[in-house]
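A.B. asks: Contents of start39.csv (CSV, C-alpha atoms) are given next:
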```csv
chain,number,residue,atom,x,y,z
A,876,MET,CA,0.5,-18.5,-30.7
A,877,LYS,CA,2.3,-16.5,-28.0
A,878,ASN,CA,2.9,-18.2,-24.7
A,879,ILE,CA,3.0,-15.7,-21.8
A,880,LEU,CA,3.6,-16.0,-18.1
A,881,LEU,CA,2.0,-13.6,-15.7
A,882,PRO,CA,2.8,-13.8,-12.0
A,883,THR,CA,0.1,-12.7,-9.6
A,884,ASP,CA,-0.1,-11.9,-5.9
A,885,LEU,CA,-3.9,-12.7,-6.1
A,886,THR,CA,-4.9,-9.1,-6.3
A,887,LEU,CA,-7.0,-7.7,-9.1
A,888,ALA,CA,-4.3,-5.1,-9.8
A,889,SER,CA,-1.8,-7.8,-10.8
A,890,LEU,CA,-4.2,-8.9,-13.6
A,891,TYR,CA,-3.9,-5.5,-15.3
A,892,PRO,CA,-1.2,-6.6,-17.8
A,893,VAL,CA,-3.8,-8.9,-19.5
A,894,HIS,CA,-5.2,-5.7,-21.2
A,895,GLU,CA,-1.7,-4.9,-22.6
A,896,ILE,CA,-1.0,-8.5,-23.6
A,897,CYS,CA,-4.2,-8.5,-25.6
A,898,ARG,CA,-3.6,-5.1,-27.1
A,899,ARG,CA,-0.1,-6.0,-28.2
A,900,ALA,CA,-1.2,-9.4,-29.6
A,901,ALA,CA,-1.7,-7.9,-33.1
A,902,GLY,CA,-4.2,-10.5,-34.3
A,903,GLU,CA,-2.2,-13.5,-32.8
A,904,LYS,CA,-3.7,-15.8,-30.3
A,905,CYS,CA,-2.2,-15.9,-26.8
A,906,ALA,CA,-1.9,-18.5,-24.1
A,907,ILE,CA,-1.6,-16.7,-20.7
A,908,ARG,CA,-0.5,-18.7,-17.7
A,909,VAL,CA,-1.2,-16.8,-14.5
A,910,ILE,CA,0.9,-18.3,-11.6
A,911,HIS,CA,1.2,-17.8,-7.9
A,912,THR,CA,4.1,-19.3,-6.1
A,913,LEU,CA,4.0,-21.0,-2.7
A,914,THR,CA,6.8,-22.1,-0.3
A,915,MET,CA,7.6,-25.8,-0.5
A,916,PRO,CA,6.5,-27.6,2.7
A,917,SER,CA,9.2,-29.3,4.6
A,918,GLY,CA,7.3,-32.0,6.5
A,919,ILE,CA,6.9,-35.5,5.1
A,920,ALA,CA,3.1,-35.5,5.7
A,921,ASP,CA,2.7,-32.2,3.8
A,922,LEU,CA,4.9,-33.5,0.9
A,923,LEU,CA,2.8,-36.7,0.6
A,924,PHE,CA,-0.3,-34.8,-0.2
A,925,LEU,CA,1.2,-31.8,-1.9
A,926,GLN,CA,-1.1,-31.7,-4.9
A,927,GLN,CA,-4.2,-31.8,-2.7
A,928,ARG,CA,-2.9,-29.0,-0.6
A,929,LYS,CA,-3.0,-26.2,-3.2
A,930,PRO,CA,-5.1,-23.5,-1.6
A,931,TYR,CA,-7.6,-22.8,-4.5
A,932,ASP,CA,-10.3,-22.4,-1.8
A,933,LYS,CA,-8.4,-19.5,-0.3
A,934,VAL,CA,-8.4,-17.4,-3.5
A,935,SER,CA,-11.0,-14.6,-3.4
A,936,PRO,CA,-14.1,-15.1,-5.5
A,937,GLN,CA,-13.4,-11.6,-7.1
A,938,PHE,CA,-10.0,-12.8,-8.4
A,939,MET,CA,-11.5,-15.9,-10.0
A,940,GLU,CA,-14.4,-13.9,-11.4
A,941,ALA,CA,-12.0,-11.4,-12.8
A,942,LEU,CA,-10.1,-14.1,-14.6
A,943,GLU,CA,-13.3,-15.4,-16.1
A,944,LEU,CA,-14.5,-11.9,-17.2
A,945,LEU,CA,-11.1,-11.2,-18.8
A,946,ARG,CA,-11.3,-14.6,-20.6
A,947,LYS,CA,-14.7,-13.6,-22.0
A,948,LYS,CA,-13.8,-10.0,-22.8
A,949,TYR,CA,-10.7,-11.0,-24.8
A,950,SER,CA,-12.0,-14.3,-26.2
A,951,GLY,CA,-10.9,-13.3,-29.7
A,952,VAL,CA,-7.3,-13.0,-28.5
A,953,ILE,CA,-6.9,-15.3,-25.6
A,954,ASN,CA,-6.8,-19.0,-26.4
A,955,ILE,CA,-5.9,-20.1,-22.9
A,956,LEU,CA,-6.1,-18.1,-19.7
A,957,SER,CA,-5.1,-20.5,-16.9
A,958,PHE,CA,-4.3,-20.0,-13.3
A,959,GLU,CA,-2.2,-22.3,-11.1
A,960,PHE,CA,-0.2,-22.5,-8.0
A,961,LEU,CA,3.5,-23.5,-8.2
A,962,TRP,CA,5.4,-25.0,-5.3
A,963,GLY,CA,8.7,-23.1,-5.0
A,964,ASN,CA,10.2,-20.1,-6.6
A,965,SER,CA,13.8,-21.1,-7.3
A,966,ARG,CA,15.3,-19.9,-10.6
A,967,PRO,CA,16.0,-23.5,-11.9
A,968,TYR,CA,12.4,-24.6,-11.0
A,969,LEU,CA,10.9,-21.5,-12.8
A,970,ASP,CA,13.3,-22.1,-15.8
A,971,LEU,CA,12.0,-25.6,-16.1
A,972,TYR,CA,8.4,-24.5,-15.9
A,973,ILE,CA,9.1,-21.8,-18.6
A,974,LYS,CA,10.8,-24.2,-20.9
A,975,SER,CA,8.1,-26.9,-20.5
A,976,ARG,CA,5.3,-24.5,-21.3
A,977,ASP,CA,7.3,-22.8,-24.1
A,978,ILE,CA,6.9,-19.4,-22.5
A,979,GLN,CA,8.1,-16.6,-24.7
A,980,TYR,CA,7.5,-13.6,-22.5
A,981,VAL,CA,7.0,-12.8,-18.8
A,982,TYR,CA,4.8,-9.7,-18.2
A,983,LEU,CA,5.2,-7.8,-14.9
A,984,LEU,CA,3.4,-4.8,-13.6
A,985,LYS,CA,6.0,-2.0,-13.1
A,986,ASP,CA,6.2,-0.5,-9.7
A,987,HIS,CA,3.8,-3.1,-8.3
A,988,VAL,CA,4.7,-4.7,-5.0
A,989,TYR,CA,3.8,-8.3,-5.3
A,990,ASP,CA,2.7,-9.0,-1.8
A,991,GLY,CA,2.1,-12.5,-0.5
A,992,GLY,CA,-1.6,-13.0,-0.8
A,993,LEU,CA,-1.6,-16.1,1.4
A,994,PRO,CA,0.5,-17.1,4.4
A,995,GLN,CA,2.5,-19.6,2.3
A,996,SER,CA,3.0,-17.3,-0.6
A,997,VAL,CA,6.4,-16.4,-1.9
A,998,ASN,CA,7.4,-13.6,-4.3
A,999,CYS,CA,8.7,-15.2,-7.5
A,1000,VAL,CA,9.6,-11.9,-9.3
A,1001,PRO,CA,13.3,-11.8,-8.2
A,1002,ALA,CA,13.7,-15.4,-9.5
A,1003,LEU,CA,11.9,-14.6,-12.8
A,1004,GLN,CA,14.2,-11.7,-13.3
A,1005,LYS,CA,17.1,-14.1,-13.5
A,1006,CYS,CA,15.4,-16.6,-15.9
A,1007,GLN,CA,16.4,-16.8,-19.5
A,1008,VAL,CA,13.1,-15.3,-20.9
A,1009,PRO,CA,12.4,-11.7,-21.9
A,1010,LEU,CA,10.6,-9.6,-19.3
A,1011,ILE,CA,8.1,-7.0,-20.3
A,1012,TYR,CA,7.2,-4.3,-17.8
A,1013,ILE,CA,3.8,-2.8,-18.1
A,1014,THR,CA,3.0,0.6,-16.6
A,1015,LYS,CA,-0.6,1.3,-15.8
A,1016,THR,CA,-1.9,3.9,-18.3
A,1017,ASN,CA,-4.8,4.8,-16.0
A,1018,PRO,CA,-3.8,6.1,-12.5
A,1019,VAL,CA,-6.9,4.5,-11.0
A,1020,GLU,CA,-6.1,1.7,-8.6
A,1021,PHE,CA,-7.5,-1.6,-9.8
A,1022,GLY,CA,-9.0,-2.8,-6.5
A,1023,THR,CA,-12.5,-3.7,-7.9
A,1024,LEU,CA,-13.7,-5.7,-10.8
A,1025,THR,CA,-15.2,-2.5,-12.4
A,1026,THR,CA,-11.9,-0.6,-12.4
A,1027,LEU,CA,-10.0,-3.6,-13.6
A,1028,LEU,CA,-12.4,-4.3,-16.5
A,1029,TYR,CA,-12.9,-0.7,-17.4
A,1030,LYS,CA,-10.4,-0.3,-20.2
A,1031,GLU,CA,-10.7,1.3,-23.6
A,1032,LYS,CA,-12.0,-1.0,-26.3
A,1033,MET,CA,-9.4,-2.9,-28.3
A,1034,PRO,CA,-8.9,-1.7,-31.9
A,1035,ALA,CA,-10.8,-3.7,-34.4
```
Let's see the structure in the file written out as structure tokens.
C.D. replies:
Amino acid sequence: MKNILLPTDLTLASLYPVHEICRRAAGEKCAIRVIHTLTMPSGIADLLFLQQRKPYDKVSPQFMEALELLRKKYSGVINILSFEFLWGNSRPYLDLYIKSRDIQYVYLLKDHVYDGGLPQSVNCVPALQKCQVPLIYITKTNPVEFGTLTTLLYKEKMPA
């Protein structure tokens, strides 16, 4: 099983590489870990309740629905499609996360600006580029912007 990391800025466009991951799987199951990094709080009160402060309620319903629809669309290929917030974006922290999850590849959308998404968001792409894991850059094959569920999910059918 391939273990893959996919950073997101909580936009539908940042989920586009899921199509390529599944197309390239070649009959092998995949575990795709979609992550979004947040700045580490500095106050003691914030640190005490760090786990409860993950802003899942701030993620758009369209983004969560897109994850579920992609999970169903590629159920024959995707074994796990998880989404989680990570506190911090340092290279050592991301290296540890990658090693603990046995991540083999990081997929990035080429020429995509990974904007924040939330006030406490932080771009993890520069740190991921320094990690000891292969990066695979995906170019959108369709020039359409993937700003809606329909455009994200409209993709040619996978080969049988």
A.B. asks: Using only C-alpha atoms, find the one residue out of A:Thr886, A:Arg908, A:Tyr989, A:Pro930 that sits nearest to A:Arg976.
C.D. replies: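 Closest to A:Arg976, using only C-alpha atoms: A:Arg908.
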A.B. asks: If we count all atoms listed in the file, what is near stretch 949-960 of chain A at a cut-off of 9 Å, once residues fewer than 4 positions away on the same chain are taken out, given as a PyMOL selection string?
C.D. replies: chain A and resi 876+893-894+897-898+900-913+929-931+939+942-945+1033
A.B. asks: Excluding A:Pro1001 and any residue of its chain fewer than 6 positions from it, enumerate the residues within 12 Å of it, using only C-alpha atoms, and give them as a ChimeraX atom specification.
C.D. replies: /A:882,964-966,969,983,988-989,1010
A.B. asks: Could you tell me how far atom CA of A:Thr914 sits from atom CA of A:Leu880, in Å to one decimal place?
C.D. replies: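 Answer for the atom CA of A:Leu880 to atom CA of A:Thr914 separation: 19.1 Å.
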A.B. asks: I'd like the interatomic distance between atom CA of A:Asn998 and atom CA of A:Leu984, to a tenth of an Å.
C.D. replies: 13.4 Å
A.B. asks: Could you tell me how far atom CA of A:Ile978 lies from atom CA of A:Arg899, in Å and to one decimal?
C.D. replies: 16.2 Å
A.B. asks: Taking all atoms listed in the file into account, which of A:Val1000, A:Leu971, A:Leu961, A:Leu885 comes nearest A:Asp986?
C.D. replies: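 That would be A:Val1000, the residue with the smallest distance to A:Asp986.
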A.B. asks: Measuring atom to atom with only C-alpha atoms, identify which of A:Met915, A:Leu993, A:Val981, A:Ala941 is nearest to A:Lys877.
C.D. replies: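 For A:Lys877, the nearest of the candidates is A:Val981.
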A.B. asks: May I ask which of the residues A:Thr1014, A:Asp932, A:Arg946, A:His987 is the closest one to A:Ser889, counting all atoms listed in the file?
C.D. replies: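 Closest to A:Ser889, using all atoms listed in the file: A:His987.
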A.B. asks: From the set A:Phe938, A:Pro967, A:Ala888, A:Pro1009, which residue has the shortest atom-to-atom contact distance to A:Tyr980, counting all atoms listed in the file?
C.D. replies: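 Going through A:Phe938, A:Pro967, A:Ala888, A:Pro1009 one by one, the smallest distance to A:Tyr980 is for A:Pro1009.
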A.B. asks: What lies within 7 Å of A:Gly992 using all atoms listed in the file, ignoring chain neighbours under 2 positions off, as number ranges by chain?
C.D. replies: A: 884-885, 990, 994, 996
